[in-house]
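The data block below is run.cif; it holds mmCIF, C-alpha atoms.
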```cif
data_protein
loop_
_atom_site.group_PDB
_atom_site.id
_atom_site.type_symbol
_atom_site.label_atom_id
_atom_site.label_comp_id
_atom_site.auth_asym_id
_atom_site.auth_seq_id
_atom_site.Cartn_x
_atom_site.Cartn_y
_atom_site.Cartn_z
ATOM 1 C CA MET A 18 0.000 0.000 0.000
ATOM 2 C CA VAL A 19 1.176 3.478 -0.894
ATOM 3 C CA ASP A 20 0.107 6.717 0.797
ATOM 4 C CA LYS A 21 0.357 9.736 -1.496
ATOM 5 C CA ILE A 22 0.324 13.219 -0.002
ATOM 6 C CA THR A 23 0.394 16.517 -1.899
ATOM 7 C CA THR A 24 1.675 19.612 -0.135
ATOM 8 C CA GLN A 25 1.022 22.960 -1.769
ATOM 9 C CA TRP A 26 2.879 26.205 -1.090
ATOM 10 C CA LYS A 27 0.332 28.959 -0.303
ATOM 11 C CA GLY A 28 2.714 31.933 -0.283
ATOM 12 C CA LYS A 29 4.833 33.367 2.572
ATOM 13 C CA MET A 30 5.911 30.347 4.653
ATOM 14 C CA ILE A 31 2.527 28.611 4.507
ATOM 15 C CA PHE A 32 1.882 25.102 3.182
ATOM 16 C CA GLU A 33 -1.352 23.141 2.865
ATOM 17 C CA SER A 34 -1.064 19.360 2.926
ATOM 18 C CA ASP A 35 -3.703 16.775 2.240
ATOM 19 C CA ASN A 36 -4.260 13.574 4.193
ATOM 20 C CA PRO A 37 -6.485 10.547 3.618
ATOM 21 C CA ARG A 38 -8.955 12.152 6.061
ATOM 22 C CA GLY A 39 -8.660 15.927 5.652
ATOM 23 C CA THR A 40 -6.133 18.705 5.195
ATOM 24 C CA LEU A 41 -3.740 20.564 7.468
ATOM 25 C CA MET A 42 -1.825 23.830 7.332
ATOM 26 C CA MET A 43 1.841 24.263 8.222
ATOM 27 C CA ASP A 44 3.864 27.425 8.780
ATOM 28 C CA ALA A 45 7.295 28.511 9.975
ATOM 29 C CA SER A 46 7.835 30.033 13.408
ATOM 30 C CA GLU A 47 7.622 33.837 13.544
ATOM 31 C CA GLU A 48 11.401 33.876 14.006
ATOM 32 C CA PHE A 49 11.702 32.389 10.505
ATOM 33 C CA GLY A 50 9.039 34.504 8.807
ATOM 34 C CA GLY A 51 5.934 32.589 9.817
ATOM 35 C CA THR A 52 2.595 34.320 10.356
ATOM 36 C CA ASN A 53 0.852 31.929 12.772
ATOM 37 C CA SER A 54 -0.976 30.281 9.879
ATOM 38 C CA GLY A 55 -0.230 26.650 10.584
ATOM 39 C CA LEU A 56 1.460 23.895 12.537
ATOM 40 C CA ALA A 57 5.155 23.224 13.113
ATOM 41 C CA PRO A 58 5.978 20.347 10.719
ATOM 42 C CA LYS A 59 8.640 18.579 12.780
ATOM 43 C CA ALA A 60 6.624 18.524 16.008
ATOM 44 C CA MET A 61 3.740 16.953 14.056
ATOM 45 C CA MET A 62 5.844 13.774 14.077
ATOM 46 C CA LEU A 63 5.283 13.543 17.849
ATOM 47 C CA SER A 64 1.514 13.894 17.341
ATOM 48 C CA SER A 65 1.697 11.227 14.674
ATOM 49 C CA LEU A 66 3.398 8.892 17.147
ATOM 50 C CA ALA A 67 0.817 9.536 19.869
ATOM 51 C CA GLY A 68 -2.135 9.282 17.481
ATOM 52 C CA CYS A 69 -0.949 6.012 15.983
ATOM 53 C CA SER A 70 -0.348 4.399 19.348
ATOM 54 C CA GLY A 71 -3.419 5.923 20.982
ATOM 55 C CA LEU A 72 -5.687 4.462 18.295
ATOM 56 C CA ASP A 73 -4.167 1.022 18.889
ATOM 57 C CA VAL A 74 -4.694 1.298 22.629
ATOM 58 C CA VAL A 75 -8.324 2.440 22.416
ATOM 59 C CA SER A 76 -9.055 -0.249 19.834
ATOM 60 C CA VAL A 77 -7.598 -3.027 22.003
ATOM 61 C CA LEU A 78 -9.291 -1.722 25.178
ATOM 62 C CA ASN A 79 -12.609 -1.673 23.312
ATOM 63 C CA LYS A 80 -12.129 -5.301 22.253
ATOM 64 C CA MET A 81 -11.291 -6.204 25.878
ATOM 65 C CA LYS A 82 -14.355 -4.229 27.050
ATOM 66 C CA VAL A 83 -12.109 -2.288 29.429
ATOM 67 C CA LYS A 84 -13.548 1.084 30.442
ATOM 68 C CA ILE A 85 -11.505 4.165 31.202
ATOM 69 C CA ASP A 86 -12.691 7.663 32.055
ATOM 70 C CA ASP A 87 -9.837 9.521 30.455
ATOM 71 C CA PHE A 88 -6.617 8.889 28.583
ATOM 72 C CA LYS A 89 -3.815 11.115 27.377
ATOM 73 C CA MET A 90 -0.270 10.725 26.126
ATOM 74 C CA VAL A 91 2.633 13.093 26.692
ATOM 75 C CA VAL A 92 5.433 12.751 24.142
ATOM 76 C CA GLU A 93 8.754 14.496 24.610
ATOM 77 C CA GLY A 94 11.308 14.567 21.817
ATOM 78 C CA GLU A 95 14.831 15.817 22.415
ATOM 79 C CA LEU A 96 16.477 17.307 19.342
ATOM 80 C CA THR A 97 20.127 16.781 18.456
ATOM 81 C CA GLU A 98 22.465 19.748 18.865
ATOM 82 C CA GLU A 99 23.829 19.349 15.323
ATOM 83 C CA HIS A 100 22.039 19.993 12.046
ATOM 84 C CA PRO A 101 19.990 18.417 10.658
ATOM 85 C CA LYS A 102 18.242 18.439 14.031
ATOM 86 C CA TYR A 103 16.192 15.333 14.692
ATOM 87 C CA TYR A 104 14.572 13.647 17.689
ATOM 88 C CA HIS A 105 17.209 11.277 19.048
ATOM 89 C CA LYS A 106 15.627 10.723 22.487
ATOM 90 C CA VAL A 107 11.884 10.258 22.824
ATOM 91 C CA THR A 108 9.653 9.444 25.791
ATOM 92 C CA VAL A 109 5.991 8.474 25.609
ATOM 93 C CA ASP A 110 4.002 8.652 28.837
ATOM 94 C CA TYR A 111 0.588 7.021 28.774
ATOM 95 C CA HIS A 112 -1.811 8.365 31.422
ATOM 96 C CA PHE A 113 -5.034 6.502 32.231
ATOM 97 C CA TYR A 114 -7.759 7.821 34.530
ATOM 98 C CA GLY A 115 -10.706 5.970 36.010
ATOM 99 C CA LYS A 116 -12.167 3.989 38.885
ATOM 100 C CA ASP A 117 -10.677 0.532 39.584
ATOM 101 C CA LEU A 118 -8.553 0.652 36.435
ATOM 102 C CA LYS A 119 -7.795 -2.785 35.002
ATOM 103 C CA GLU A 120 -4.054 -2.217 35.095
ATOM 104 C CA GLY A 121 -3.034 -5.599 33.675
ATOM 105 C CA LYS A 122 -5.279 -5.267 30.652
ATOM 106 C CA ILE A 123 -4.292 -1.649 30.077
ATOM 107 C CA LYS A 124 -0.629 -2.647 30.187
ATOM 108 C CA LYS A 125 -1.310 -5.407 27.659
ATOM 109 C CA ALA A 126 -3.004 -2.932 25.299
ATOM 110 C CA VAL A 127 -0.089 -0.501 25.512
ATOM 111 C CA ASP A 128 2.489 -3.288 25.094
ATOM 112 C CA LEU A 129 0.714 -4.606 22.001
ATOM 113 C CA SER A 130 0.830 -1.156 20.429
ATOM 114 C CA VAL A 131 4.444 -0.445 21.367
ATOM 115 C CA GLU A 132 5.817 -3.846 20.442
ATOM 116 C CA ARG A 133 3.645 -5.071 17.586
ATOM 117 C CA TYR A 134 1.062 -2.729 16.076
ATOM 118 C CA CYS A 135 2.268 0.859 15.889
ATOM 119 C CA GLY A 136 4.128 1.509 12.644
ATOM 120 C CA VAL A 137 5.042 5.047 13.676
ATOM 121 C CA MET A 138 6.660 3.684 16.852
ATOM 122 C CA GLU A 139 8.652 1.298 14.645
ATOM 123 C CA MET A 140 9.858 4.219 12.502
ATOM 124 C CA PHE A 141 10.875 6.183 15.612
ATOM 125 C CA ARG A 142 12.921 3.236 16.912
ATOM 126 C CA HIS A 143 15.118 3.524 13.811
ATOM 127 C CA PHE A 144 16.354 7.024 14.696
ATOM 128 C CA ALA A 145 15.656 7.459 18.434
ATOM 129 C CA THR A 146 15.850 5.701 21.745
ATOM 130 C CA VAL A 147 12.186 5.459 22.724
ATOM 131 C CA LYS A 148 11.165 5.025 26.352
ATOM 132 C CA THR A 149 7.560 4.364 27.320
ATOM 133 C CA ALA A 150 5.843 4.447 30.708
ATOM 134 C CA ILE A 151 2.299 3.864 31.895
ATOM 135 C CA HIS A 152 0.707 5.922 34.662
ATOM 136 C CA TYR A 153 -2.536 4.801 36.330
ATOM 137 C CA HIS A 154 -4.605 7.506 37.977
ATOM 138 C CA ASN A 155 -7.206 5.631 39.996
ATOM 139 C CA LYS A 156 -10.028 7.768 41.310
ATOM 140 C CA MET B 28 15.872 21.524 22.905
ATOM 141 C CA VAL B 29 12.888 19.383 23.784
ATOM 142 C CA ASP B 30 9.479 19.453 22.074
ATOM 143 C CA LYS B 31 6.646 18.346 24.350
ATOM 144 C CA ILE B 32 3.310 17.366 22.852
ATOM 145 C CA THR B 33 0.170 16.342 24.729
ATOM 146 C CA THR B 34 -2.412 14.220 22.959
ATOM 147 C CA GLN B 35 -5.821 13.885 24.570
ATOM 148 C CA TRP B 36 -8.383 11.179 23.888
ATOM 149 C CA LYS B 37 -11.752 12.808 23.077
ATOM 150 C CA GLY B 38 -13.909 9.662 23.066
ATOM 151 C CA LYS B 39 -14.659 7.229 20.208
ATOM 152 C CA MET B 40 -11.448 7.053 18.136
ATOM 153 C CA ILE B 41 -10.769 10.784 18.282
ATOM 154 C CA PHE B 42 -7.596 12.427 19.616
ATOM 155 C CA GLU B 43 -6.651 16.087 19.934
ATOM 156 C CA SER B 44 -2.952 16.913 19.878
ATOM 157 C CA ASP B 45 -1.243 20.193 20.578
ATOM 158 C CA ASN B 46 1.661 21.645 18.634
ATOM 159 C CA PRO B 47 3.931 24.654 19.203
ATOM 160 C CA ARG B 48 1.672 26.533 16.744
ATOM 161 C CA GLY B 49 -1.851 25.162 17.150
ATOM 162 C CA THR B 50 -3.784 21.947 17.601
ATOM 163 C CA LEU B 51 -4.859 19.111 15.332
ATOM 164 C CA MET B 52 -7.434 16.330 15.453
ATOM 165 C CA MET B 53 -6.781 12.692 14.579
ATOM 166 C CA ASP B 54 -9.219 9.837 14.022
ATOM 167 C CA ALA B 55 -9.263 6.235 12.841
ATOM 168 C CA SER B 56 -10.543 5.255 9.401
ATOM 169 C CA GLU B 57 -14.244 4.367 9.250
ATOM 170 C CA GLU B 58 -13.178 0.728 8.808
ATOM 171 C CA PHE B 59 -11.693 0.886 12.313
ATOM 172 C CA GLY B 60 -14.485 2.822 13.997
ATOM 173 C CA GLY B 61 -13.563 6.346 12.983
ATOM 174 C CA THR B 62 -16.179 9.052 12.410
ATOM 175 C CA ASN B 63 -14.376 11.411 10.012
ATOM 176 C CA SER B 64 -13.335 13.636 12.899
ATOM 177 C CA GLY B 65 -9.640 13.975 12.195
ATOM 178 C CA LEU B 66 -6.514 13.146 10.270
ATOM 179 C CA ALA B 67 -4.797 9.808 9.711
ATOM 180 C CA PRO B 68 -1.818 9.852 12.123
ATOM 181 C CA LYS B 69 0.655 7.811 10.075
ATOM 182 C CA ALA B 70 0.140 9.738 6.832
ATOM 183 C CA MET B 71 0.807 12.960 8.786
ATOM 184 C CA MET B 72 4.454 11.855 8.786
ATOM 185 C CA LEU B 73 4.527 12.461 5.013
ATOM 186 C CA SER B 74 3.096 15.967 5.497
ATOM 187 C CA SER B 75 5.696 16.574 8.177
ATOM 188 C CA LEU B 76 8.441 15.612 5.716
ATOM 189 C CA ALA B 77 7.090 17.888 2.982
ATOM 190 C CA GLY B 78 6.458 20.793 5.362
ATOM 191 C CA CYS B 79 9.929 20.620 6.868
ATOM 192 C CA SER B 80 11.669 20.490 3.519
ATOM 193 C CA GLY B 81 9.325 22.991 1.864
ATOM 194 C CA LEU B 82 10.047 25.588 4.544
ATOM 195 C CA ASP B 83 13.794 25.130 3.976
ATOM 196 C CA VAL B 84 13.398 25.528 0.233
ATOM 197 C CA VAL B 85 11.257 28.686 0.414
ATOM 198 C CA SER B 86 13.601 30.176 2.999
ATOM 199 C CA VAL B 87 16.689 29.571 0.844
ATOM 200 C CA LEU B 88 14.973 30.798 -2.338
ATOM 201 C CA ASN B 89 13.954 33.976 -0.492
ATOM 202 C CA LYS B 90 17.566 34.573 0.570
ATOM 203 C CA MET B 91 18.693 34.002 -3.037
ATOM 204 C CA LYS B 92 15.919 36.365 -4.251
ATOM 205 C CA VAL B 93 14.715 33.639 -6.606
ATOM 206 C CA LYS B 94 11.075 34.045 -7.639
ATOM 207 C CA ILE B 95 8.723 31.189 -8.385
ATOM 208 C CA ASP B 96 5.036 31.324 -9.258
ATOM 209 C CA ASP B 97 4.073 28.064 -7.649
ATOM 210 C CA PHE B 98 5.599 25.163 -5.751
ATOM 211 C CA LYS B 99 4.270 21.830 -4.549
ATOM 212 C CA MET B 100 5.672 18.563 -3.286
ATOM 213 C CA VAL B 101 4.243 15.095 -3.844
ATOM 214 C CA VAL B 102 5.361 12.528 -1.273
ATOM 215 C CA GLU B 103 4.662 8.838 -1.735
ATOM 216 C CA GLY B 104 5.317 6.387 1.075
ATOM 217 C CA GLU B 105 5.148 2.644 0.477
ATOM 218 C CA LEU B 106 4.183 0.659 3.563
ATOM 219 C CA THR B 107 5.749 -2.680 4.468
ATOM 220 C CA GLU B 108 3.589 -5.786 4.061
ATOM 221 C CA GLU B 109 4.331 -6.971 7.613
ATOM 222 C CA HIS B 110 3.182 -5.409 10.882
ATOM 223 C CA PRO B 111 4.097 -2.973 12.254
ATOM 224 C CA LYS B 112 3.591 -1.336 8.872
ATOM 225 C CA TYR B 113 5.966 1.526 8.220
ATOM 226 C CA TYR B 114 7.128 3.548 5.210
ATOM 227 C CA HIS B 115 10.165 1.711 3.879
ATOM 228 C CA LYS B 116 10.251 3.368 0.434
ATOM 229 C CA VAL B 117 9.611 7.078 0.089
ATOM 230 C CA THR B 118 9.770 9.431 -2.888
ATOM 231 C CA VAL B 119 9.624 13.218 -2.714
ATOM 232 C CA ASP B 120 8.898 15.055 -5.955
ATOM 233 C CA TYR B 121 9.482 18.803 -5.908
ATOM 234 C CA HIS B 122 7.510 20.698 -8.571
ATOM 235 C CA PHE B 123 8.363 24.311 -9.392
ATOM 236 C CA TYR B 124 6.319 26.531 -11.719
ATOM 237 C CA GLY B 125 7.264 29.885 -13.207
ATOM 238 C CA LYS B 126 8.744 31.822 -16.094
ATOM 239 C CA ASP B 127 12.487 31.419 -16.767
ATOM 240 C CA LEU B 128 12.971 29.354 -13.596
ATOM 241 C CA LYS B 129 16.476 29.621 -12.165
ATOM 242 C CA GLU B 130 17.014 25.885 -12.227
ATOM 243 C CA GLY B 131 20.536 25.896 -10.784
ATOM 244 C CA LYS B 132 19.551 27.969 -7.777
ATOM 245 C CA ILE B 133 16.380 25.986 -7.221
ATOM 246 C CA LYS B 134 18.396 22.756 -7.298
ATOM 247 C CA LYS B 135 20.823 24.222 -4.773
ATOM 248 C CA ALA B 136 17.958 25.138 -2.423
ATOM 249 C CA VAL B 137 16.474 21.642 -2.627
ATOM 250 C CA ASP B 138 19.868 19.983 -2.182
ATOM 251 C CA LEU B 139 20.615 22.084 0.912
ATOM 252 C CA SER B 140 17.329 20.972 2.465
ATOM 253 C CA VAL B 141 17.705 17.307 1.533
ATOM 254 C CA GLU B 142 21.354 16.974 2.489
ATOM 255 C CA ARG B 143 21.892 19.431 5.335
ATOM 256 C CA TYR B 144 18.888 21.227 6.828
ATOM 257 C CA CYS B 145 15.802 19.042 7.005
ATOM 258 C CA GLY B 146 15.692 17.082 10.246
ATOM 259 C CA VAL B 147 12.574 15.184 9.212
ATOM 260 C CA MET B 148 14.365 14.016 6.039
ATOM 261 C CA GLU B 149 17.221 12.803 8.276
ATOM 262 C CA MET B 150 14.762 10.817 10.416
ATOM 263 C CA PHE B 151 13.196 9.261 7.306
ATOM 264 C CA ARG B 152 16.613 8.161 6.016
ATOM 265 C CA HIS B 153 16.971 5.982 9.129
ATOM 266 C CA PHE B 154 13.977 3.779 8.240
ATOM 267 C CA ALA B 155 13.369 4.308 4.510
ATOM 268 C CA THR B 156 15.127 4.610 1.203
ATOM 269 C CA VAL B 157 14.296 8.175 0.208
ATOM 270 C CA LYS B 158 14.432 9.268 -3.415
ATOM 271 C CA THR B 159 14.022 12.898 -4.407
ATOM 272 C CA ALA B 160 13.474 14.503 -7.806
ATOM 273 C CA ILE B 161 13.005 18.068 -9.013
ATOM 274 C CA HIS B 162 10.597 18.977 -11.794
ATOM 275 C CA TYR B 163 10.735 22.384 -13.475
ATOM 276 C CA HIS B 164 7.565 23.599 -15.133
ATOM 277 C CA ASN B 165 8.607 26.604 -17.186
ATOM 278 C CA LYS B 166 5.759 28.694 -18.519
#
```
Encoded form (structure tokens):
Amino acid sequence: MVDKITTQWKGKMIFESDNPRGTLMMDASEEFGGTNSGLAPKAMMLSSLAGCSGLDVVSVLNKMKVKIDDFKMVVEGELTEEHPKYYHKVTVDYHFYGKDLKEGKIKKAVDLSVERYCGVMEMFRHFATVKTAIHYHNK
Amino acid sequence: MVDKITTQWKGKMIFESDNPRGTLMMDASEEFGGTNSGLAPKAMMLSSLAGCSGLDVVSVLNKMKVKIDDFKMVVEGELTEEHPKYYHKVTVDYHFYGKDLKEGKIKKAVDLSVERYCGVMEMFRHFATVKTAIHYHNK
């Protein structure tokens, strides 16, 4: 399968990019001539990682009929000092909130995503050391 | 420097992710329970690649005072057959449109991005074979 994405320059430092399920705008920072018209392209990689893994986790929890009240992921990517600057150290913190959280099943869902399902995680492992942690916030 | 991104589950298969310059929504495909409420996370990586490199190119062309009428990039990413599916073959086609295009300078701008500036391109090279090509559309 091939994904094909077209990204169109819209003048200034603005780009519009399509996606199988919509479009998005990107822009430079103000320091580099941006005009607050779109997202930072590099940092979108960290959203891509969280989105990919988060969808796996929710999908597996649904199949297991495990209920959670809330769920978020915090991804931190440390950039190299040298150009071209890329994320060489990445942490993904999974936070689950609820009453009597089924910690074993939640851990299994996260492990399945990290180790077997998430293609974006696999890409990240090729250029970064990726550390993951799960945090249970029982009410 | 560290980029920190928080991605919040919004129910169903919907996630909201922040970014240094805005927020974005992600969702699963309808096949996997999505409701057309956001972007496909994995394909966002291809937009990230184009956005990163496109910003370099426009920035360098501006410094060189090279004018173009239009500019777009087409990125194709071929996914592996096996899980976790990731982009193992990627092509980036740069298309420039204008009258009497300064092809040498445009090539230099693209080369600088591909070889030296674009951190997302560097990340992609760790997991994919990346081929780039420049297409000049003189009016």
Fit chain B to chain A, using all C-alpha atoms paired in sequence order for the least-squares superposition, and then show me the result as an mmCIF file with C-alpha atoms, in the frame of the given file.
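As a result, selection38.cif now contains:
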```cif
data_model
loop_
_atom_site.group_PDB
_atom_site.id
_atom_site.type_symbol
_atom_site.label_atom_id
_atom_site.label_comp_id
_atom_site.auth_asym_id
_atom_site.auth_seq_id
_atom_site.Cartn_x
_atom_site.Cartn_y
_atom_site.Cartn_z
ATOM 1 C CA MET B 28 -0.011 0.000 -0.020
ATOM 2 C CA VAL B 29 1.179 3.472 -0.906
ATOM 3 C CA ASP B 30 0.115 6.722 0.786
ATOM 4 C CA LYS B 31 0.367 9.745 -1.501
ATOM 5 C CA ILE B 32 0.331 13.228 -0.016
ATOM 6 C CA THR B 33 0.412 16.522 -1.906
ATOM 7 C CA THR B 34 1.686 19.615 -0.141
ATOM 8 C CA GLN B 35 1.029 22.969 -1.768
ATOM 9 C CA TRP B 36 2.873 26.207 -1.089
ATOM 10 C CA LYS B 37 0.334 28.963 -0.302
ATOM 11 C CA GLY B 38 2.721 31.939 -0.290
ATOM 12 C CA LYS B 39 4.817 33.372 2.574
ATOM 13 C CA MET B 40 5.904 30.358 4.664
ATOM 14 C CA ILE B 41 2.530 28.627 4.506
ATOM 15 C CA PHE B 42 1.884 25.109 3.182
ATOM 16 C CA GLU B 43 -1.344 23.144 2.854
ATOM 17 C CA SER B 44 -1.064 19.364 2.926
ATOM 18 C CA ASP B 45 -3.705 16.776 2.222
ATOM 19 C CA ASN B 46 -4.265 13.583 4.176
ATOM 20 C CA PRO B 47 -6.484 10.537 3.606
ATOM 21 C CA ARG B 48 -8.950 12.165 6.046
ATOM 22 C CA GLY B 49 -8.656 15.932 5.627
ATOM 23 C CA THR B 50 -6.136 18.712 5.179
ATOM 24 C CA LEU B 51 -3.745 20.571 7.453
ATOM 25 C CA MET B 52 -1.828 23.840 7.330
ATOM 26 C CA MET B 53 1.839 24.272 8.222
ATOM 27 C CA ASP B 54 3.863 27.434 8.778
ATOM 28 C CA ALA B 55 7.291 28.524 9.973
ATOM 29 C CA SER B 56 7.840 30.046 13.410
ATOM 30 C CA GLU B 57 7.618 33.846 13.546
ATOM 31 C CA GLU B 58 11.407 33.881 14.008
ATOM 32 C CA PHE B 59 11.705 32.400 10.510
ATOM 33 C CA GLY B 60 9.052 34.506 8.804
ATOM 34 C CA GLY B 61 5.941 32.607 9.808
ATOM 35 C CA THR B 62 2.590 34.329 10.356
ATOM 36 C CA ASN B 63 0.841 31.930 12.754
ATOM 37 C CA SER B 64 -0.971 30.278 9.864
ATOM 38 C CA GLY B 65 -0.230 26.646 10.586
ATOM 39 C CA LEU B 66 1.458 23.901 12.531
ATOM 40 C CA ALA B 67 5.147 23.227 13.112
ATOM 41 C CA PRO B 68 5.981 20.353 10.716
ATOM 42 C CA LYS B 69 8.639 18.585 12.785
ATOM 43 C CA ALA B 70 6.628 18.532 16.017
ATOM 44 C CA MET B 71 3.748 16.954 14.054
ATOM 45 C CA MET B 72 5.861 13.783 14.078
ATOM 46 C CA LEU B 73 5.282 13.552 17.848
ATOM 47 C CA SER B 74 1.515 13.905 17.343
ATOM 48 C CA SER B 75 1.701 11.230 14.674
ATOM 49 C CA LEU B 76 3.403 8.891 17.153
ATOM 50 C CA ALA B 77 0.819 9.535 19.871
ATOM 51 C CA GLY B 78 -2.132 9.290 17.476
ATOM 52 C CA CYS B 79 -0.953 6.012 15.989
ATOM 53 C CA SER B 80 -0.343 4.397 19.348
ATOM 54 C CA GLY B 81 -3.425 5.923 20.980
ATOM 55 C CA LEU B 82 -5.687 4.469 18.293
ATOM 56 C CA ASP B 83 -4.167 1.018 18.883
ATOM 57 C CA VAL B 84 -4.682 1.296 22.622
ATOM 58 C CA VAL B 85 -8.324 2.430 22.417
ATOM 59 C CA SER B 86 -9.058 -0.255 19.839
ATOM 60 C CA VAL B 87 -7.596 -3.027 22.012
ATOM 61 C CA LEU B 88 -9.285 -1.727 25.180
ATOM 62 C CA ASN B 89 -12.611 -1.679 23.316
ATOM 63 C CA LYS B 90 -12.131 -5.314 22.271
ATOM 64 C CA MET B 91 -11.278 -6.213 25.886
ATOM 65 C CA LYS B 92 -14.349 -4.237 27.076
ATOM 66 C CA VAL B 93 -12.102 -2.287 29.435
ATOM 67 C CA LYS B 94 -13.550 1.084 30.447
ATOM 68 C CA ILE B 95 -11.501 4.165 31.193
ATOM 69 C CA ASP B 96 -12.702 7.658 32.046
ATOM 70 C CA ASP B 97 -9.852 9.518 30.445
ATOM 71 C CA PHE B 98 -6.623 8.890 28.567
ATOM 72 C CA LYS B 99 -3.811 11.122 27.371
ATOM 73 C CA MET B 100 -0.272 10.721 26.129
ATOM 74 C CA VAL B 101 2.631 13.095 26.693
ATOM 75 C CA VAL B 102 5.426 12.759 24.138
ATOM 76 C CA GLU B 103 8.753 14.498 24.612
ATOM 77 C CA GLY B 104 11.303 14.570 21.815
ATOM 78 C CA GLU B 105 14.834 15.818 22.427
ATOM 79 C CA LEU B 106 16.471 17.304 19.344
ATOM 80 C CA THR B 107 20.125 16.768 18.461
ATOM 81 C CA GLU B 108 22.471 19.737 18.869
ATOM 82 C CA GLU B 109 23.839 19.356 15.326
ATOM 83 C CA HIS B 110 22.029 19.991 12.045
ATOM 84 C CA PRO B 111 19.969 18.404 10.668
ATOM 85 C CA LYS B 112 18.238 18.428 14.040
ATOM 86 C CA TYR B 113 16.183 15.328 14.693
ATOM 87 C CA TYR B 114 14.567 13.642 17.701
ATOM 88 C CA HIS B 115 17.198 11.273 19.056
ATOM 89 C CA LYS B 116 15.618 10.724 22.494
ATOM 90 C CA VAL B 117 11.880 10.263 22.821
ATOM 91 C CA THR B 118 9.658 9.441 25.789
ATOM 92 C CA VAL B 119 5.992 8.484 25.599
ATOM 93 C CA ASP B 120 4.006 8.660 28.829
ATOM 94 C CA TYR B 121 0.588 7.015 28.770
ATOM 95 C CA HIS B 122 -1.812 8.364 31.415
ATOM 96 C CA PHE B 123 -5.027 6.505 32.225
ATOM 97 C CA TYR B 124 -7.756 7.828 34.533
ATOM 98 C CA GLY B 125 -10.701 5.958 36.012
ATOM 99 C CA LYS B 126 -12.142 3.991 38.899
ATOM 100 C CA ASP B 127 -10.677 0.528 39.593
ATOM 101 C CA LEU B 128 -8.543 0.650 36.433
ATOM 102 C CA LYS B 129 -7.776 -2.787 35.020
ATOM 103 C CA GLU B 130 -4.044 -2.220 35.100
ATOM 104 C CA GLY B 131 -3.028 -5.600 33.675
ATOM 105 C CA LYS B 132 -5.281 -5.269 30.655
ATOM 106 C CA ILE B 133 -4.298 -1.662 30.090
ATOM 107 C CA LYS B 134 -0.623 -2.656 30.191
ATOM 108 C CA LYS B 135 -1.310 -5.413 27.672
ATOM 109 C CA ALA B 136 -3.003 -2.945 25.304
ATOM 110 C CA VAL B 137 -0.088 -0.512 25.514
ATOM 111 C CA ASP B 138 2.485 -3.282 25.094
ATOM 112 C CA LEU B 139 0.707 -4.617 21.995
ATOM 113 C CA SER B 140 0.828 -1.156 20.429
ATOM 114 C CA VAL B 141 4.440 -0.451 21.378
ATOM 115 C CA GLU B 142 5.821 -3.851 20.443
ATOM 116 C CA ARG B 143 3.640 -5.088 17.590
ATOM 117 C CA TYR B 144 1.059 -2.739 16.074
ATOM 118 C CA CYS B 145 2.258 0.847 15.889
ATOM 119 C CA GLY B 146 4.120 1.507 12.656
ATOM 120 C CA VAL B 147 5.028 5.045 13.681
ATOM 121 C CA MET B 148 6.648 3.681 16.868
ATOM 122 C CA GLU B 149 8.648 1.290 14.651
ATOM 123 C CA MET B 150 9.848 4.211 12.506
ATOM 124 C CA PHE B 151 10.867 6.172 15.614
ATOM 125 C CA ARG B 152 12.902 3.225 16.926
ATOM 126 C CA HIS B 153 15.109 3.501 13.824
ATOM 127 C CA PHE B 154 16.346 7.008 14.706
ATOM 128 C CA ALA B 155 15.643 7.451 18.431
ATOM 129 C CA THR B 156 15.845 5.694 21.746
ATOM 130 C CA VAL B 157 12.187 5.461 22.722
ATOM 131 C CA LYS B 158 11.161 5.028 26.341
ATOM 132 C CA THR B 159 7.562 4.374 27.316
ATOM 133 C CA ALA B 160 5.849 4.447 30.706
ATOM 134 C CA ILE B 161 2.294 3.868 31.896
ATOM 135 C CA HIS B 162 0.712 5.920 34.661
ATOM 136 C CA TYR B 163 -2.518 4.808 36.329
ATOM 137 C CA HIS B 164 -4.608 7.497 37.965
ATOM 138 C CA ASN B 165 -7.193 5.638 40.011
ATOM 139 C CA LYS B 166 -10.026 7.764 41.321
#
```
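For the choices A:Met61, A:Met42, A:Val127, A:Val107, the atom-to-atom distance to Ser76 (chain A) is smallest for A:Val127 when using only C-alpha atoms.
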Please return the centre and edge lengths, in Å to one decimal, of a box with edges along x, y and z that contains all listed atoms of region 126-144 of chain B, widened by 5 Å on every side, as AutoDock Vina command-line options.
```
--center_x 15.3 --center_y 24.4 --center_z -5.0 --size_x 23.1 --size_y 24.8 --size_z 33.6
```
Check your understanding: Between B:Lys134, B:His164, B:Lys158, B:Lys129, which is the closest to Lys92 (chain B) once you count all atoms listed in the file?
Key ->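 For Lys92 (chain B), the nearest of the given residues is B:Lys129.
CA of Lys126 (chain B) is found 27.3 Å from CA of Thr52 (chain A).
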Practice item. Tell me, in Å to one decimal, how far CA of Phe123 (chain B) is from CA of Asn165 (chain B). Key: 8.1 Å
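Pairwise distance (CA of Gly131 (chain B), CA of Thr156 (chain B)) equals 25.0 Å.
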